[in-house]
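With TSV, C-alpha atoms inside, this is query_10.tsv:
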chain	number	residue	atom	x	y	z
M	1	MET	CA	-51.22	3.03	49.92
M	2	GLU	CA	-53.10	3.12	53.22
M	3	ILE	CA	-52.96	5.65	56.07
M	4	ARG	CA	-53.79	4.33	59.52
M	5	ASN	CA	-52.87	4.82	63.13
M	6	LEU	CA	-50.01	2.95	64.82
M	7	GLU	CA	-51.95	1.52	67.75
M	8	HIS	CA	-51.39	-2.08	66.61
M	9	THR	CA	-47.96	-1.56	65.01
M	10	GLY	CA	-45.04	-3.19	66.79
M	11	PHE	CA	-41.97	-1.18	67.69
M	12	ASP	CA	-39.73	-3.16	65.32
M	13	THR	CA	-41.93	-2.22	62.36
M	14	LEU	CA	-42.05	1.37	63.53
M	15	PHE	CA	-38.28	1.57	63.99
M	16	SER	CA	-37.70	0.02	60.56
M	17	GLY	CA	-39.75	2.81	58.97
M	18	PHE	CA	-38.01	5.40	61.11
M	19	GLU	CA	-34.58	4.08	60.12
M	20	ARG	CA	-35.41	3.94	56.42
M	21	ALA	CA	-36.83	7.48	56.42
M	22	PHE	CA	-33.57	8.88	57.79
M	23	SER	CA	-31.15	6.50	56.05
M	24	ASP	CA	-29.72	9.27	53.85
M	25	TYR	CA	-29.16	11.62	56.80
M	26	GLU	CA	-25.78	11.96	58.49
M	27	ILE	CA	-27.22	11.09	61.89
M	28	ARG	CA	-27.75	7.45	62.83
M	29	PHE	CA	-30.38	6.26	65.28
M	30	ASP	CA	-30.00	3.62	67.95
M	31	LYS	CA	-33.14	1.57	68.56
M	32	GLU	CA	-33.14	2.04	72.32
M	33	GLU	CA	-32.47	5.76	71.99
M	34	VAL	CA	-35.52	6.09	69.73
M	35	ARG	CA	-37.61	4.06	72.17
M	36	SER	CA	-36.47	6.30	75.03
M	37	MET	CA	-37.12	9.46	72.99
M	38	LEU	CA	-40.67	8.39	72.20
M	39	GLU	CA	-41.37	7.58	75.84
M	40	ARG	CA	-40.08	10.95	77.04
M	41	ARG	CA	-42.02	12.88	74.45
M	42	GLY	CA	-45.32	11.18	75.26
M	43	TYR	CA	-45.69	9.11	72.11
M	44	ASN	CA	-49.33	8.13	71.61
M	45	PRO	CA	-49.62	5.33	69.01
M	46	ARG	CA	-53.42	5.64	68.82
M	47	LEU	CA	-53.04	9.26	67.68
M	48	SER	CA	-49.94	8.72	65.53
M	49	PHE	CA	-50.34	7.86	61.86
M	50	ALA	CA	-48.36	6.38	58.99
M	51	ALA	CA	-48.69	5.60	55.32
M	52	PHE	CA	-48.20	1.89	54.58
M	53	ASP	CA	-47.20	0.38	51.26
M	54	LYS	CA	-47.23	-3.44	51.06
M	55	GLY	CA	-47.21	-3.64	54.85
M	56	GLU	CA	-44.20	-1.35	55.31
M	57	ILE	CA	-44.17	2.18	56.71
M	58	VAL	CA	-43.14	4.66	54.04
M	59	ALA	CA	-44.13	7.91	55.81
M	60	PHE	CA	-45.17	8.76	59.34
M	61	THR	CA	-45.92	11.39	61.93
M	62	LEU	CA	-45.38	10.25	65.51
M	63	ASN	CA	-47.41	12.35	67.92
M	64	GLY	CA	-46.85	12.88	71.60
M	65	THR	CA	-49.86	14.05	73.59
M	66	GLY	CA	-50.24	15.86	76.88
M	67	LEU	CA	-50.71	19.31	78.34
M	68	PHE	CA	-48.68	22.31	77.18
M	69	ASP	CA	-49.30	25.56	79.04
M	70	GLY	CA	-52.39	23.81	80.41
M	71	ILE	CA	-53.81	23.10	76.94
M	72	PRO	CA	-54.35	19.55	75.57
M	73	THR	CA	-51.67	19.35	72.90
M	74	ALA	CA	-50.27	17.04	70.24
M	75	TYR	CA	-46.54	17.33	69.67
M	76	ASP	CA	-44.67	16.29	66.53
M	77	THR	CA	-42.20	13.80	67.99
M	78	GLY	CA	-40.98	12.76	64.55
M	79	THR	CA	-42.03	13.11	60.93
M	80	GLY	CA	-40.32	11.31	58.09
M	81	THR	CA	-40.75	9.86	54.61
M	82	VAL	CA	-38.75	7.08	52.98
M	83	LYS	CA	-36.64	8.59	50.19
M	84	GLU	CA	-38.39	6.72	47.34
M	85	HIS	CA	-41.77	8.13	48.42
M	86	ARG	CA	-40.83	11.78	48.88
M	87	GLY	CA	-42.42	14.46	46.74
M	88	LYS	CA	-45.86	12.86	46.91
M	89	GLY	CA	-47.24	15.05	49.67
M	90	LEU	CA	-47.53	12.15	52.10
M	91	ALA	CA	-46.67	14.21	55.18
M	92	GLY	CA	-49.50	16.63	54.40
M	93	LYS	CA	-51.92	13.78	53.71
M	94	ILE	CA	-51.03	12.13	57.02
M	95	PHE	CA	-51.53	15.39	58.90
M	96	SER	CA	-54.90	16.02	57.23
M	97	HIS	CA	-55.95	12.45	58.00
M	98	SER	CA	-54.93	12.76	61.65
M	99	THR	CA	-56.54	16.13	62.42
M	100	PRO	CA	-60.15	14.87	62.93
M	101	PHE	CA	-58.90	12.12	65.25
M	102	LEU	CA	-56.86	14.60	67.28
M	103	LYS	CA	-59.85	16.92	67.63
M	104	GLU	CA	-62.11	14.04	68.61
M	105	ALA	CA	-59.62	13.10	71.34
M	106	GLY	CA	-59.87	16.63	72.78
M	107	ILE	CA	-56.56	17.93	71.41
M	108	ARG	CA	-56.80	21.71	71.01
M	109	GLN	CA	-53.46	22.61	69.46
M	110	TYR	CA	-50.59	21.09	67.50
M	111	LEU	CA	-47.01	21.90	68.49
M	112	LEU	CA	-43.75	21.35	66.64
M	113	GLU	CA	-40.18	22.56	66.43
M	114	VAL	CA	-38.29	23.11	63.19
M	115	LEU	CA	-34.73	24.17	62.41
M	116	GLN	CA	-34.66	27.78	61.26
M	117	ASN	CA	-32.56	26.89	58.21
M	118	ASN	CA	-35.22	24.43	57.00
M	119	GLU	CA	-36.93	27.06	54.88
M	120	LYS	CA	-38.96	24.56	52.85
M	121	ALA	CA	-40.61	23.04	55.92
M	122	ILE	CA	-41.19	26.44	57.53
M	123	SER	CA	-42.93	27.67	54.37
M	124	VAL	CA	-45.22	24.62	54.40
M	125	TYR	CA	-46.08	25.08	58.08
M	126	ARG	CA	-46.87	28.77	57.61
M	127	LYS	CA	-49.18	27.93	54.70
M	128	MET	CA	-50.94	25.56	57.10
M	129	ASN	CA	-51.39	28.53	59.48
M	130	PHE	CA	-48.81	27.49	62.07
M	131	ALA	CA	-47.59	30.54	64.00
M	132	THR	CA	-44.12	30.96	65.46
M	133	THR	CA	-44.42	31.23	69.23
M	134	ARG	CA	-40.77	31.18	70.33
M	135	GLU	CA	-37.23	30.94	69.00
M	136	PHE	CA	-34.81	28.44	70.53
M	137	ASP	CA	-31.02	28.26	70.59
M	138	CYS	CA	-29.27	24.89	70.68
M	139	PHE	CA	-25.71	24.39	71.95
M	140	ARG	CA	-23.19	21.58	71.59
M	141	GLN	CA	-19.57	20.98	72.54
M	142	SER	CA	-17.03	18.19	72.98
M	143	ILE	CA	-16.60	17.63	76.70
M	144	GLU	CA	-12.83	17.93	76.41
M	145	LYS	CA	-13.23	21.47	75.00
M	146	ILE	CA	-15.48	22.76	77.78
M	147	ASP	CA	-13.75	25.40	79.89
M	148	ASN	CA	-14.95	24.40	83.34
M	149	PRO	CA	-12.00	23.49	85.59
M	150	ALA	CA	-12.42	22.80	89.27
M	151	VAL	CA	-11.42	25.72	91.51
M	152	ALA	CA	-8.88	25.35	94.31
M	153	GLU	CA	-11.26	26.36	97.07
M	154	GLU	CA	-14.81	25.19	96.52
M	155	ASP	CA	-17.69	26.25	98.76
M	156	SER	CA	-17.86	23.63	101.49
M	157	THR	CA	-21.52	24.49	102.13
M	158	LEU	CA	-22.42	23.46	98.56
M	159	LYS	CA	-23.34	19.81	98.10
M	160	ILE	CA	-24.28	18.08	94.85
M	161	GLU	CA	-26.35	14.93	95.25
M	162	PRO	CA	-28.86	12.77	93.36
M	163	VAL	CA	-32.45	13.95	93.71
M	164	THR	CA	-35.88	12.84	92.55
M	165	THR	CA	-38.10	14.40	89.92
M	166	ARG	CA	-40.20	15.67	92.82
M	167	PHE	CA	-37.23	17.86	93.84
M	168	ILE	CA	-36.99	19.14	90.25
M	169	ARG	CA	-40.71	19.92	90.11
M	170	GLU	CA	-40.46	21.93	93.34
M	171	CYS	CA	-37.58	23.99	91.91
M	172	LEU	CA	-38.98	24.78	88.46
M	173	ASP	CA	-39.16	28.51	89.22
M	174	PHE	CA	-35.33	28.56	89.26
M	175	CYS	CA	-35.51	28.49	85.45
M	176	ASP	CA	-35.84	31.81	83.60
M	177	PHE	CA	-38.13	30.44	80.88
M	178	SER	CA	-40.72	27.75	80.37
M	179	PRO	CA	-38.96	24.69	78.89
M	180	SER	CA	-39.88	23.28	75.51
M	181	TRP	CA	-42.04	20.15	75.25
M	182	GLN	CA	-39.10	17.74	75.18
M	183	ASN	CA	-37.43	19.38	78.19
M	184	SER	CA	-40.56	19.86	80.29
M	185	ILE	CA	-41.07	18.36	83.73
M	186	ASP	CA	-43.70	16.03	82.24
M	187	SER	CA	-41.10	14.76	79.77
M	188	ILE	CA	-38.56	14.35	82.57
M	189	GLU	CA	-41.03	12.37	84.66
M	190	ARG	CA	-41.94	10.13	81.71
M	191	GLY	CA	-38.27	9.35	81.07
M	192	GLU	CA	-37.10	9.30	84.68
M	193	SER	CA	-35.57	5.82	84.46
M	194	ALA	CA	-33.06	6.91	81.80
M	195	LEU	CA	-32.25	10.33	83.26
M	196	THR	CA	-29.99	11.53	86.06
M	197	CYS	CA	-31.26	14.31	88.32
M	198	LEU	CA	-28.78	16.20	90.51
M	199	GLY	CA	-29.61	18.82	93.10
M	200	ALA	CA	-27.35	21.56	94.41
M	201	LEU	CA	-27.89	22.31	98.09
M	202	VAL	CA	-26.38	25.15	100.10
M	203	ASP	CA	-26.60	24.60	103.84
M	204	GLY	CA	-29.11	21.87	103.04
M	205	LEU	CA	-31.47	24.09	101.04
M	206	PRO	CA	-32.11	23.85	97.27
M	207	ALA	CA	-29.92	26.21	95.25
M	208	GLY	CA	-30.03	24.60	91.80
M	209	TYR	CA	-30.45	21.43	89.81
M	210	CYS	CA	-29.67	19.73	86.53
M	211	VAL	CA	-31.20	16.85	84.57
M	212	PHE	CA	-29.32	14.93	81.90
M	213	ASP	CA	-29.20	11.72	79.90
M	214	PRO	CA	-25.76	10.09	80.25
M	215	GLU	CA	-26.36	7.87	77.20
M	216	THR	CA	-27.13	10.66	74.72
M	217	GLY	CA	-25.24	13.66	76.14
M	218	ASP	CA	-28.49	15.61	76.44
M	219	LEU	CA	-28.42	18.22	79.23
M	220	THR	CA	-32.18	18.59	79.56
M	221	GLN	CA	-32.32	21.29	82.22
M	222	ILE	CA	-29.83	23.23	84.35
M	223	ALA	CA	-30.99	26.07	86.60
M	224	VAL	CA	-29.83	27.98	89.67
M	225	LYS	CA	-31.87	30.03	92.11
M	226	LYS	CA	-31.23	33.74	91.47
M	227	GLU	CA	-29.63	34.51	94.84
M	228	HIS	CA	-27.11	31.70	94.31
M	229	ARG	CA	-25.99	32.66	90.80
M	230	ARG	CA	-22.38	33.62	89.98
M	231	LYS	CA	-21.19	31.61	92.97
M	232	GLY	CA	-20.06	28.49	91.15
M	233	VAL	CA	-23.25	26.46	91.57
M	234	ALA	CA	-23.95	26.01	87.84
M	235	SER	CA	-20.28	25.25	87.19
M	236	ARG	CA	-20.32	22.46	89.76
M	237	LEU	CA	-23.55	21.04	88.33
M	238	LEU	CA	-22.15	21.14	84.79
M	239	ARG	CA	-18.91	19.49	85.90
M	240	GLU	CA	-20.80	16.72	87.68
M	241	ALA	CA	-23.06	16.17	84.66
M	242	THR	CA	-20.27	16.04	82.06
M	243	SER	CA	-18.20	13.70	84.22
M	244	ARG	CA	-21.04	11.18	84.06
M	245	MET	CA	-21.77	11.48	80.35
M	246	LYS	CA	-21.01	8.35	78.35
M	247	THR	CA	-20.75	10.42	75.19
M	248	GLY	CA	-17.82	12.61	74.23
M	249	PHE	CA	-20.07	15.65	73.97
M	250	VAL	CA	-22.82	17.58	75.67
M	251	LYS	CA	-25.84	19.19	73.97
M	252	ILE	CA	-28.27	21.71	75.39
M	253	LEU	CA	-31.35	22.02	73.22
M	254	ASN	CA	-34.12	24.61	73.03
M	255	VAL	CA	-32.86	27.45	75.19
M	256	CYS	CA	-35.36	30.28	74.72
M	257	ASP	CA	-33.57	33.10	72.90
M	258	SER	CA	-35.09	35.66	75.29
M	259	SER	CA	-33.03	34.10	78.09
M	260	ARG	CA	-29.79	35.89	78.91
M	261	ALA	CA	-28.30	34.03	81.86
M	262	LEU	CA	-28.00	30.51	80.43
M	263	PRO	CA	-26.51	31.47	77.01
M	264	ALA	CA	-24.00	33.74	78.79
M	265	PHE	CA	-23.02	30.88	81.10
M	266	LEU	CA	-22.62	28.46	78.18
M	267	GLU	CA	-20.53	30.97	76.23
M	268	LYS	CA	-18.28	31.39	79.26
M	269	LYS	CA	-17.81	27.62	79.34
M	270	SER	CA	-16.90	27.54	75.62
M	271	ILE	CA	-20.10	25.73	74.64
M	272	PRO	CA	-21.08	27.40	71.34
M	273	LEU	CA	-24.36	27.88	69.56
M	274	ALA	CA	-24.90	24.97	67.14
M	275	SER	CA	-28.34	25.65	65.63
M	276	LYS	CA	-31.56	27.59	66.04
M	277	GLN	CA	-35.17	26.39	66.00
M	278	PHE	CA	-38.66	27.84	65.78
M	279	GLU	CA	-41.40	26.61	68.07
M	280	MET	CA	-44.65	26.69	66.09
M	281	ILE	CA	-48.26	26.09	67.12
M	282	LEU	CA	-51.46	25.50	65.17
M	283	PRO	CA	-54.81	25.80	67.01
M	284	LEU	CA	-57.12	22.87	66.16

Re-express the file's structure as structure tokens.
Amino acid sequence: MEIRNLEHTGFDTLFSGFERAFSDYEIRFDKEEVRSMLERRGYNPRLSFAAFDKGEIVAFTLNGTGLFDGIPTAYDTGTGTVKEHRGKGLAGKIFSHSTPFLKEAGIRQYLLEVLQNNEKAISVYRKMNFATTREFDCFRQSIEKIDNPAVAEEDSTLKIEPVTTRFIRECLDFCDFSPSWQNSIDSIERGESALTCLGALVDGLPAGYCVFDPETGDLTQIAVKKEHRRKGVASRLLREATSRMKTGFVKILNVCDSSRALPAFLEKKSIPLASKQFEMILPL
């Protein structure tokens, strides 16, 4: 058994290990979706590590790197162990092996998200001195069950049109909370080619925006300027986004539980809470 970084590991080998690690899970992964996910989350193969047995990946931690709240950060983009190799502490060994390399590269903290019902993992992270920094709510609904009909008389001054990530960056203060790593503007810019960005303009001025991935149903961000709320702007954005989804569902991940406006809007649209996550950080 050898632990080494993934700098010289091809994507096919990486995906094979990824697929095998999650083969007994209900969810199935598409190769291009995984490639897109890694790109968006800042995957850094030089600072990602895996355990190899006879040339095959049997456990891994894929790290994204970048700034988070202005701090050089490594983000757990994906951790997994092939079923036959579980119970050997490989995830912990990989993390311990990677820590000196992360520090040497100037990384000052390690960030991850974990489902709140995953008590075993949470216990391990707390023993490693990870601290919970925020709680996130995640929502999901079949598009056909969303209660968001068009109204008879829509505001003629409101226009929805494609925009660039520059538009999104200039409107970030419309959001009531700082997005999680995977929904951040840096993530959006990294994955721009696969995402759709729509702007809402009232009399030609920015009033809101949304960002989504039509291939996965992921509604990455949706926000409306405070003075334009409760005027149908978010409803129009949501309707435009869901009409372009190639999935039969929409998912909104990592809404900070201190936020009130977005969960209330989603509840009104019959998009229910599906799961809850902790955001956890370990200083390095």

Taking (-49.6, 25.4, 78.2) as a centre in this file's frame and 12 Å as the limit, can you find every polymer residue with an atom that close, using all atoms listed in the file, and give them as an MDAnalysis selection string? chainID M and resid 66:74 108:111 133 178:181 184 186 281

Between M:Asn254, M:Ser123, M:Thr157, M:Thr242, which is the closest to Asn183 of chain M once you count all atoms listed in the file?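 Comparing M:Asn254, M:Ser123, M:Thr157, M:Thr242 against Asn183 of chain M, the winner is M:Asn254.
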
query = Which of these, M:Phe136, M:Tyr75, M:Phe278, M:Phe212, has the shortest distance to Ile107 of chain M once you count only C-alpha atoms?
reply =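 Among the listed residues, M:Tyr75 lies closest to Ile107 of chain M.
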
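For the point (-43.0, 20.7, 68.2) in file coordinates, the residues within 7 Å, using all atoms listed in the file, are Tyr75, Asp76, Thr77, Leu111, Leu112, Glu113, Glu279 and Met280 of chain M.
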
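Near Phe60 of chain M, within 8 Å and counting all atoms listed in the file, sit M:Ser48, M:Phe49, M:Ala50, M:Ala51, M:Gly78, M:Thr79, M:Gly80, M:Thr81, M:Ala91, M:Ile94; same-chain residues fewer than 6 positions away were not included.
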
Students should find that atom CA of Glu135 of chain M and atom CA of Phe177 of chain M are spaced 11.9 Å

Would you list the contacts of Glu144 of chain M as an mmCIF file with C-alpha atoms, in the coordinates of the input, taking every protein, DNA or RNA residue within 10 Å and counting all atoms listed in the file, but skipping same-chain residues closer than 3 positions in sequence?
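Written output follows (part_13.cif):
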data_model
loop_
_atom_site.group_PDB
_atom_site.id
_atom_site.type_symbol
_atom_site.label_atom_id
_atom_site.label_comp_id
_atom_site.auth_asym_id
_atom_site.auth_seq_id
_atom_site.Cartn_x
_atom_site.Cartn_y
_atom_site.Cartn_z
ATOM 1 C CA GLN M 141 -19.570 20.980 72.540
ATOM 2 C CA ASP M 147 -13.750 25.400 79.890
ATOM 3 C CA ASN M 148 -14.950 24.400 83.340
ATOM 4 C CA THR M 242 -20.270 16.040 82.060
ATOM 5 C CA GLY M 248 -17.820 12.610 74.230
ATOM 6 C CA PHE M 249 -20.070 15.650 73.970
#

- For atom CA of Ala131 of chain M and atom CA of Val34 of chain M, the interatomic separation in Å (one decimal):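 Atom-to-atom, atom CA of Ala131 of chain M and atom CA of Val34 of chain M are spaced 27.9 Å apart.
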
Can you pull out the residues contacting His85 of chain M? Cut-off 10 Å, using all atoms listed in the file, and skip same-chain residues under 2 positions away; I want them as a list in words.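 Selected residues are Ala21, Asp53, Val58, Ala59, Thr81, Val82, Lys83, Gly87, Lys88, Gly89 and Leu90 of chain M.
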
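Candidate residues M:Glu104, M:Glu267, M:Asp218, M:Asp257 were compared for distance to Leu47 of chain M, and the nearest is M:Glu104, using all atoms listed in the file.
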
note - atom CA of Tyr43 of chain M and atom CA of Leu172 of chain M are separated by 23.6 Å

Identify, on the basis of all atoms listed in the file, every residue whose closest approach to segment 213-216 of chain M does not exceed 9 Å; exclude the query and any residue fewer than 5 positions from it along the same chain; express the result as a PyMOL selection string. chain M and resi 33+194-196+241-242+244-247+249-251

Write out the residues from the selection above, keeping C-alpha atoms, as a short mmCIF file (atom, residue, chain, number, x, y, z; two decimals), in the coordinates of the input.
data_model
loop_
_atom_site.label_atom_id
_atom_site.label_comp_id
_atom_site.auth_asym_id
_atom_site.auth_seq_id
_atom_site.Cartn_x
_atom_site.Cartn_y
_atom_site.Cartn_z
CA GLU M 33 -32.47 5.76 71.99
CA ALA M 194 -33.06 6.91 81.80
CA LEU M 195 -32.25 10.33 83.26
CA THR M 196 -29.99 11.53 86.06
CA ALA M 241 -23.06 16.17 84.66
CA THR M 242 -20.27 16.04 82.06
CA ARG M 244 -21.04 11.18 84.06
CA MET M 245 -21.77 11.48 80.35
CA LYS M 246 -21.01 8.35 78.35
CA THR M 247 -20.75 10.42 75.19
CA PHE M 249 -20.07 15.65 73.97
CA VAL M 250 -22.82 17.58 75.67
CA LYS M 251 -25.84 19.19 73.97
#

Atom completion result for segment 127-151 of chain M (N, CA and C atoms) as a PDB file, in the frame of the given file:
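File produced: part.pdb:
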ATOM      1  N   LYS M 127     -48.022  28.039  55.586  1.00  0.00           N
ATOM      2  CA  LYS M 127     -49.180  27.930  54.700  1.00  0.00           C
ATOM      3  C   LYS M 127     -50.313  27.163  55.380  1.00  0.00           C
ATOM      4  N   MET M 128     -49.945  26.313  56.332  1.00  0.00           N
ATOM      5  CA  MET M 128     -50.940  25.560  57.100  1.00  0.00           C
ATOM      6  C   MET M 128     -51.449  26.357  58.304  1.00  0.00           C
ATOM      7  N   ASN M 129     -50.981  27.602  58.421  1.00  0.00           N
ATOM      8  CA  ASN M 129     -51.390  28.530  59.480  1.00  0.00           C
ATOM      9  C   ASN M 129     -50.734  28.264  60.843  1.00  0.00           C
ATOM     10  N   PHE M 130     -49.609  27.563  60.845  1.00  0.00           N
ATOM     11  CA  PHE M 130     -48.810  27.490  62.070  1.00  0.00           C
ATOM     12  C   PHE M 130     -48.204  28.869  62.337  1.00  0.00           C
ATOM     13  N   ALA M 131     -48.194  29.263  63.604  1.00  0.00           N
ATOM     14  CA  ALA M 131     -47.590  30.540  64.000  1.00  0.00           C
ATOM     15  C   ALA M 131     -46.357  30.285  64.857  1.00  0.00           C
ATOM     16  N   THR M 132     -45.326  31.073  64.646  1.00  0.00           N
ATOM     17  CA  THR M 132     -44.120  30.960  65.460  1.00  0.00           C
ATOM     18  C   THR M 132     -44.388  31.559  66.835  1.00  0.00           C
ATOM     19  N   THR M 133     -44.160  30.768  67.872  1.00  0.00           N
ATOM     20  CA  THR M 133     -44.420  31.230  69.230  1.00  0.00           C
ATOM     21  C   THR M 133     -43.134  31.593  69.977  1.00  0.00           C
ATOM     22  N   ARG M 134     -42.052  30.868  69.694  1.00  0.00           N
ATOM     23  CA  ARG M 134     -40.770  31.180  70.330  1.00  0.00           C
ATOM     24  C   ARG M 134     -39.626  30.784  69.401  1.00  0.00           C
ATOM     25  N   GLU M 135     -38.448  31.358  69.682  1.00  0.00           N
ATOM     26  CA  GLU M 135     -37.230  30.940  69.000  1.00  0.00           C
ATOM     27  C   GLU M 135     -36.308  30.302  70.025  1.00  0.00           C
ATOM     28  N   PHE M 136     -35.688  29.183  69.630  1.00  0.00           N
ATOM     29  CA  PHE M 136     -34.810  28.440  70.530  1.00  0.00           C
ATOM     30  C   PHE M 136     -33.388  28.412  69.991  1.00  0.00           C
ATOM     31  N   ASP M 137     -32.428  28.461  70.908  1.00  0.00           N
ATOM     32  CA  ASP M 137     -31.020  28.260  70.590  1.00  0.00           C
ATOM     33  C   ASP M 137     -30.597  26.888  71.088  1.00  0.00           C
ATOM     34  N   CYS M 138     -29.763  26.215  70.311  1.00  0.00           N
ATOM     35  CA  CYS M 138     -29.270  24.890  70.680  1.00  0.00           C
ATOM     36  C   CYS M 138     -27.740  24.920  70.703  1.00  0.00           C
ATOM     37  N   PHE M 139     -27.149  24.327  71.718  1.00  0.00           N
ATOM     38  CA  PHE M 139     -25.710  24.390  71.950  1.00  0.00           C
ATOM     39  C   PHE M 139     -25.118  22.992  71.985  1.00  0.00           C
ATOM     40  N   ARG M 140     -23.855  22.881  71.591  1.00  0.00           N
ATOM     41  CA  ARG M 140     -23.190  21.580  71.590  1.00  0.00           C
ATOM     42  C   ARG M 140     -21.678  21.794  71.675  1.00  0.00           C
ATOM     43  N   GLN M 141     -21.018  20.901  72.436  1.00  0.00           N
ATOM     44  CA  GLN M 141     -19.570  20.980  72.540  1.00  0.00           C
ATOM     45  C   GLN M 141     -18.982  19.643  72.964  1.00  0.00           C
ATOM     46  N   SER M 142     -17.775  19.341  72.489  1.00  0.00           N
ATOM     47  CA  SER M 142     -17.030  18.190  72.980  1.00  0.00           C
ATOM     48  C   SER M 142     -16.682  18.447  74.441  1.00  0.00           C
ATOM     49  N   ILE M 143     -16.831  17.444  75.270  1.00  0.00           N
ATOM     50  CA  ILE M 143     -16.600  17.630  76.700  1.00  0.00           C
ATOM     51  C   ILE M 143     -15.168  18.081  76.977  1.00  0.00           C
ATOM     52  N   GLU M 144     -14.228  17.567  76.193  1.00  0.00           N
ATOM     53  CA  GLU M 144     -12.830  17.930  76.410  1.00  0.00           C
ATOM     54  C   GLU M 144     -12.548  19.412  76.112  1.00  0.00           C
ATOM     55  N   LYS M 145     -13.432  20.063  75.358  1.00  0.00           N
ATOM     56  CA  LYS M 145     -13.230  21.470  75.000  1.00  0.00           C
ATOM     57  C   LYS M 145     -13.982  22.435  75.913  1.00  0.00           C
ATOM     58  N   ILE M 146     -14.743  21.899  76.854  1.00  0.00           N
ATOM     59  CA  ILE M 146     -15.480  22.760  77.780  1.00  0.00           C
ATOM     60  C   ILE M 146     -14.525  23.373  78.781  1.00  0.00           C
ATOM     61  N   ASP M 147     -14.635  24.670  78.964  1.00  0.00           N
ATOM     62  CA  ASP M 147     -13.750  25.400  79.890  1.00  0.00           C
ATOM     63  C   ASP M 147     -14.434  25.494  81.254  1.00  0.00           C
ATOM     64  N   ASN M 148     -14.264  24.448  82.048  1.00  0.00           N
ATOM     65  CA  ASN M 148     -14.950  24.400  83.340  1.00  0.00           C
ATOM     66  C   ASN M 148     -14.094  23.663  84.379  1.00  0.00           C
ATOM     67  N   PRO M 149     -12.884  24.181  84.636  1.00  0.00           N
ATOM     68  CA  PRO M 149     -12.000  23.490  85.590  1.00  0.00           C
ATOM     69  C   PRO M 149     -12.479  23.649  87.026  1.00  0.00           C
ATOM     70  N   ALA M 150     -12.118  22.701  87.845  1.00  0.00           N
ATOM     71  CA  ALA M 150     -12.420  22.800  89.270  1.00  0.00           C
ATOM     72  C   ALA M 150     -11.582  23.931  89.881  1.00  0.00           C
ATOM     73  N   VAL M 151     -12.157  24.639  90.839  1.00  0.00           N
ATOM     74  CA  VAL M 151     -11.420  25.720  91.510  1.00  0.00           C
ATOM     75  C   VAL M 151     -10.742  25.163  92.756  1.00  0.00           C
TER      76      VAL M 151
END
